[in-house]
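Below is one structure, written out as structure tokens; comments come after it.
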Amino acid sequence: MFFLFSILIITLYCLACSGIGQLISISILGRDYNTAPNLPFYVSAFILGQSGLSIIWILIALFGGLNFISVSIVSFIFISLFFILNKNYLRLFLNFLISEWQWLMRTDILFRLICFGVLALLLIFFLSAALMGPVGDAEAFYMVYSKIISSSNTLKAMPGGYYDFSQIGLLGELHFSALMTLGLAESSKLFVWPLSIFAGLMLVTICAQINIGKKGQWIAFCLLFTSSAFTNHIWDGKVDVFPFALSLAAIYWILLEEKISKTRIKLIGLFLGLAMVSKFSYIPVLIVSFSLLISFRLYISELISFSFIKYIKKLIILLSTVYVWIFLAWIPHFLKNWILFDAPLAPFIGGGSFLNQVWFSEEDTFWIIKTYPFALIFGRYPMQGGNLTFLWLAFLPFVFFLPKAKSFIRSPLVQITITGLVGVAVWILLRPSVIAPRYFFISLSLLIPIIALGTEVIYEKDKRPYFLRITILITTFFSLLFISYPNIKNLVLKLTKNIEAHHECRFSGDYCKSFKNFNTIAPLGARIYFLGYYGYWVRPDILECQLNSSEIKSFDSIKKSIDKWTYLIEHGVDYIILDKTSKLHLQQISELKSRKPSWISLESIIDDKNLIVWRIQNNNYEYYPKIECNSNNKRNWMLKEK
Amino acid sequence: MKKWRKAFLIIWMLLIPTIYFITVASPEKTGILENMPEFVRQINKFVQPLIKRDASL
């Protein structure tokens, strides 16, 4: 029943996103709106609208008003707007589905198998997103932060060790928070699933724009959905799909017509700005490669009567407009960081230092660079978080069989491929040791259409393509199998293991049970010292009351062990929670425990596969808690001096 | 298309998933791919040291 409720809420929420997206698009495009094609316009409007809605949530949450009533009212307004604006929308969408289905039924059986395989894959990701709990970074930060915002109704700096990370753009996280206020909990991450489909449709539209046929479009869709760097984040609760979808929409508007109109360039700037806010790693990649693409497009539109000075003048005007709109898209983010951290330009200026990351040694970094593009496809580096599909490499030789373009520079396919390559090069230059395809996936995805076209050409035009077709089919099925197997196994295993159980940890990781157990023991407003990362399942009041970032820094700077224990007592810490899988934290706790004063006793209340929880008991009345965590309304827990 | 080209394309297309299966779809590392079947572990015990550089760092 809850499953159906989640689907209903997500569907209505998507309509609200489309409503506000269309409103923004129409307002910006003005007269150009009439010339906009239909279905891609709606896809783009949805992608823009979800960011618009998220900005509204940020503004509401900054003033402590993100609750069931405000989210329902705002959503209702935009759902109504959607129905007012789109009396024919349903028919358009149905027509699209019917025509796709008819095409699918007419195509050859081998290709139909690939298409149905991809559709089955989408269903698996849907089930994973709807049923499974958050995983990895989402269990540590993204969805934990959303949970805190939703339970306190307020956007505030993240309590605990992830304080600095809350300076990032929060365009994805606020959706989860809003959906949580509507009662969705971890299934709020299901919202990423329709967004990923819309991103896929945007890629398909871009393929259509550059004259790739239906089969090529399906192949591009398949290449996207077999890239674990993309698909891992459809269901795990992270937000990497958001900037990707926004950047693809920007590409769509850039390629729409040869000449970029004054109104369209605003929309492009807005999409790019929002993509950059959603994921900071996209900033260098988008600025360099998309500026190049825009200058390419302008050059082509000016080619008939080319004048260098005129071209430069126009380019400056065009790029200035883009940057102005990029800046506008950043304003809510600046405002958020100004209010929360007194540093609008954080984390770049006056914020945390997590942006300058170096993951590997010089020697290993050199190895990684040497092994591109294989590192992107076969790499298994720590924190890599997924790969580009191996189909990209398997189908790469087909590119050499493509008919030569009449004019390389005029070919949109060449333009976006160069844009993609430049994006990858920029990333390698700026962050050579950070081998994470998800951080610049937009550039990698721009290398997909050329492969899709090559595959389509081989599949369609060769005279006796039987063996090639069969091999394409086999290779594609291997990719579908490898990408779906872990999800299927996870779902089936968890379902069969817990067939009797109806508890909410049925499809979630091991931390769920451990923390649910702890939640039943700890009183409201209990303070914890959390030596671990994955705290999603901890009760919201405990998450809010945990030892905060400045307290952790002060605690870490204390040298004497006895002073550390005194600090914990005086700051009202009731429990120490240790994640057994974290070697760093295991070392910290063993040092702390080995020098425990005699007047402190630790009672182990939970000790399972993942966690140990100790209750701290103080037997020395000389030291007592000077800080406590309380709240007037059982929300918005605050630290107060006693 | 010439036969040798076809043969090359077919071998190449089948080679890539095979390499992927051996190098990536391995249960030794954490992440979703750790859920691969046990026989993959057995294959990898033999094959991986031959081709894989240690990236566990």
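By order in the structure tokens, chains are A, B, ...; within a chain, residues start at 1; ligands start at 1, following the order shown.
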Interface residues on chain A facing chain B, 7 Å, only C-alpha atoms, written as a PyMOL selection string:
chain A and resi 378+380-382+390+394-395+468+471+475+478+486
Selection export as a PDB file, in the first residue's frame, atoms kept: C-alpha atoms:
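In the end it all went to again28.pdb:
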```pdb
ATOM      1  CA  PHE A 378      37.313  -1.060 -16.351  1.00  0.00           C
ATOM      2  CA  ARG A 380      37.734  -0.112  -9.890  1.00  0.00           C
ATOM      3  CA  TYR A 381      39.393   2.619  -7.918  1.00  0.00           C
ATOM      4  CA  PRO A 382      38.158   3.474  -4.441  1.00  0.00           C
ATOM      5  CA  PHE A 390      31.689  -1.099 -21.751  1.00  0.00           C
ATOM      6  CA  ALA A 394      32.831  -2.474 -27.667  1.00  0.00           C
ATOM      7  CA  PHE A 395      31.053  -0.376 -30.314  1.00  0.00           C
ATOM      8  CA  LEU A 468      27.305  -8.624 -36.529  1.00  0.00           C
ATOM      9  CA  THR A 471      27.102 -10.129 -31.683  1.00  0.00           C
ATOM     10  CA  THR A 475      27.239  -7.820 -26.149  1.00  0.00           C
ATOM     11  CA  PHE A 478      25.923  -8.946 -21.352  1.00  0.00           C
ATOM     12  CA  PRO A 486      23.535  -6.842  -8.441  1.00  0.00           C
TER      13      PRO A 486
END
```
Could you name the residues that touch Met132 in chain A at 10 Å or less, counting only C-alpha atoms, but leaving out those on the same chain fewer than 4 positions away, as a PyMOL selection string?
chain A and resi 127-128+186-187+189-190+235-237+487+490-491+494+504-509
Kindly export the residues of the current selection with N, CA and C atoms, as a PDB file, in the first residue's frame.
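Here's the written file out_39.pdb:
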```pdb
ATOM      1  N   LEU A 127      12.257  -0.382  -9.023  1.00  0.00           N
ATOM      2  CA  LEU A 127      12.020  -1.153  -7.790  1.00  0.00           C
ATOM      3  C   LEU A 127      13.110  -0.874  -6.761  1.00  0.00           C
ATOM      4  N   SER A 128      14.355  -0.788  -7.235  1.00  0.00           N
ATOM      5  CA  SER A 128      15.461  -0.506  -6.304  1.00  0.00           C
ATOM      6  C   SER A 128      15.272   0.857  -5.657  1.00  0.00           C
ATOM      7  N   GLU A 186      12.469   7.167   3.007  1.00  0.00           N
ATOM      8  CA  GLU A 186      13.562   6.862   2.065  1.00  0.00           C
ATOM      9  C   GLU A 186      13.082   6.650   0.628  1.00  0.00           C
ATOM     10  N   SER A 187      11.800   6.358   0.458  1.00  0.00           N
ATOM     11  CA  SER A 187      11.317   6.193  -0.921  1.00  0.00           C
ATOM     12  C   SER A 187      11.225   7.534  -1.647  1.00  0.00           C
ATOM     13  N   LYS A 189      13.632   9.079  -2.610  1.00  0.00           N
ATOM     14  CA  LYS A 189      14.659   9.045  -3.661  1.00  0.00           C
ATOM     15  C   LYS A 189      14.121   8.463  -4.974  1.00  0.00           C
ATOM     16  N   LEU A 190      12.904   7.949  -4.927  1.00  0.00           N
ATOM     17  CA  LEU A 190      12.269   7.463  -6.166  1.00  0.00           C
ATOM     18  C   LEU A 190      12.107   8.601  -7.179  1.00  0.00           C
ATOM     19  N   TRP A 235      19.111   5.083  -7.933  1.00  0.00           N
ATOM     20  CA  TRP A 235      18.397   4.440  -6.820  1.00  0.00           C
ATOM     21  C   TRP A 235      19.094   4.559  -5.462  1.00  0.00           C
ATOM     22  N   ASP A 236      20.351   5.051  -5.444  1.00  0.00           N
ATOM     23  CA  ASP A 236      21.076   5.028  -4.164  1.00  0.00           C
ATOM     24  C   ASP A 236      20.802   6.224  -3.253  1.00  0.00           C
ATOM     25  N   GLY A 237      20.176   7.292  -3.808  1.00  0.00           N
ATOM     26  CA  GLY A 237      19.854   8.452  -2.971  1.00  0.00           C
ATOM     27  C   GLY A 237      20.838   9.592  -3.128  1.00  0.00           C
ATOM     28  N   ASN A 487      21.474  -5.544  -8.641  1.00  0.00           N
ATOM     29  CA  ASN A 487      20.199  -5.024  -8.143  1.00  0.00           C
ATOM     30  C   ASN A 487      19.174  -6.136  -7.974  1.00  0.00           C
ATOM     31  N   ASN A 490      20.187  -8.252  -5.002  1.00  0.00           N
ATOM     32  CA  ASN A 490      19.899  -7.540  -3.757  1.00  0.00           C
ATOM     33  C   ASN A 490      18.423  -7.599  -3.413  1.00  0.00           C
ATOM     34  N   LEU A 491      17.594  -7.286  -4.412  1.00  0.00           N
ATOM     35  CA  LEU A 491      16.150  -7.243  -4.170  1.00  0.00           C
ATOM     36  C   LEU A 491      15.602  -8.626  -3.846  1.00  0.00           C
ATOM     37  N   LYS A 494      16.965 -10.070  -0.473  1.00  0.00           N
ATOM     38  CA  LYS A 494      16.379  -9.413   0.696  1.00  0.00           C
ATOM     39  C   LYS A 494      14.907  -9.763   0.846  1.00  0.00           C
ATOM     40  N   GLU A 504      10.643  -2.178   8.426  1.00  0.00           N
ATOM     41  CA  GLU A 504      11.083  -1.256   7.374  1.00  0.00           C
ATOM     42  C   GLU A 504      12.527  -1.480   6.938  1.00  0.00           C
ATOM     43  N   CYS A 505      13.254  -2.371   7.611  1.00  0.00           N
ATOM     44  CA  CYS A 505      14.644  -2.625   7.223  1.00  0.00           C
ATOM     45  C   CYS A 505      14.759  -3.774   6.225  1.00  0.00           C
ATOM     46  N   ARG A 506      13.629  -4.246   5.755  1.00  0.00           N
ATOM     47  CA  ARG A 506      13.589  -5.424   4.887  1.00  0.00           C
ATOM     48  C   ARG A 506      14.514  -5.293   3.678  1.00  0.00           C
ATOM     49  N   PHE A 507      14.507  -4.109   3.057  1.00  0.00           N
ATOM     50  CA  PHE A 507      15.293  -3.921   1.833  1.00  0.00           C
ATOM     51  C   PHE A 507      16.496  -3.005   2.054  1.00  0.00           C
ATOM     52  N   SER A 508      16.792  -2.740   3.302  1.00  0.00           N
ATOM     53  CA  SER A 508      17.860  -1.772   3.562  1.00  0.00           C
ATOM     54  C   SER A 508      19.115  -2.466   4.060  1.00  0.00           C
ATOM     55  N   GLY A 509      20.177  -1.686   4.183  1.00  0.00           N
ATOM     56  CA  GLY A 509      21.458  -2.234   4.605  1.00  0.00           C
ATOM     57  C   GLY A 509      21.460  -2.627   6.074  1.00  0.00           C
TER      58      GLY A 509
END
```
Give the helix (DSSP H, G or I) residues of range 38-246 of chain A, as DSSP finds them on the backbone, and put them as a ChimeraX atom specification.
/A:38-62,68-85,89-106,109-131,137-152,160-162,164-167,173-181,185-209,214-225,228-235,241-246
Range 254-271 of chain A surroundings by only C-alpha atoms, 9 Å radius, close-in-sequence under 6 positions cut, as a ChimeraX atom specification:
/A:25,28-32,36,47-48,206,209-210,243,246-248,293-294,297-298,300-302,318-319,321-329,412
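The residue that comes closest to Leu110 in chain A, out of A:Lys634, A:Arg410, A:Arg595, A:Arg469 and on the basis of only C-alpha atoms, is A:Arg469.
Interatomic distance, CA of Leu602 in chain A against CA of Asp574 in chain A: 10.2 Å.
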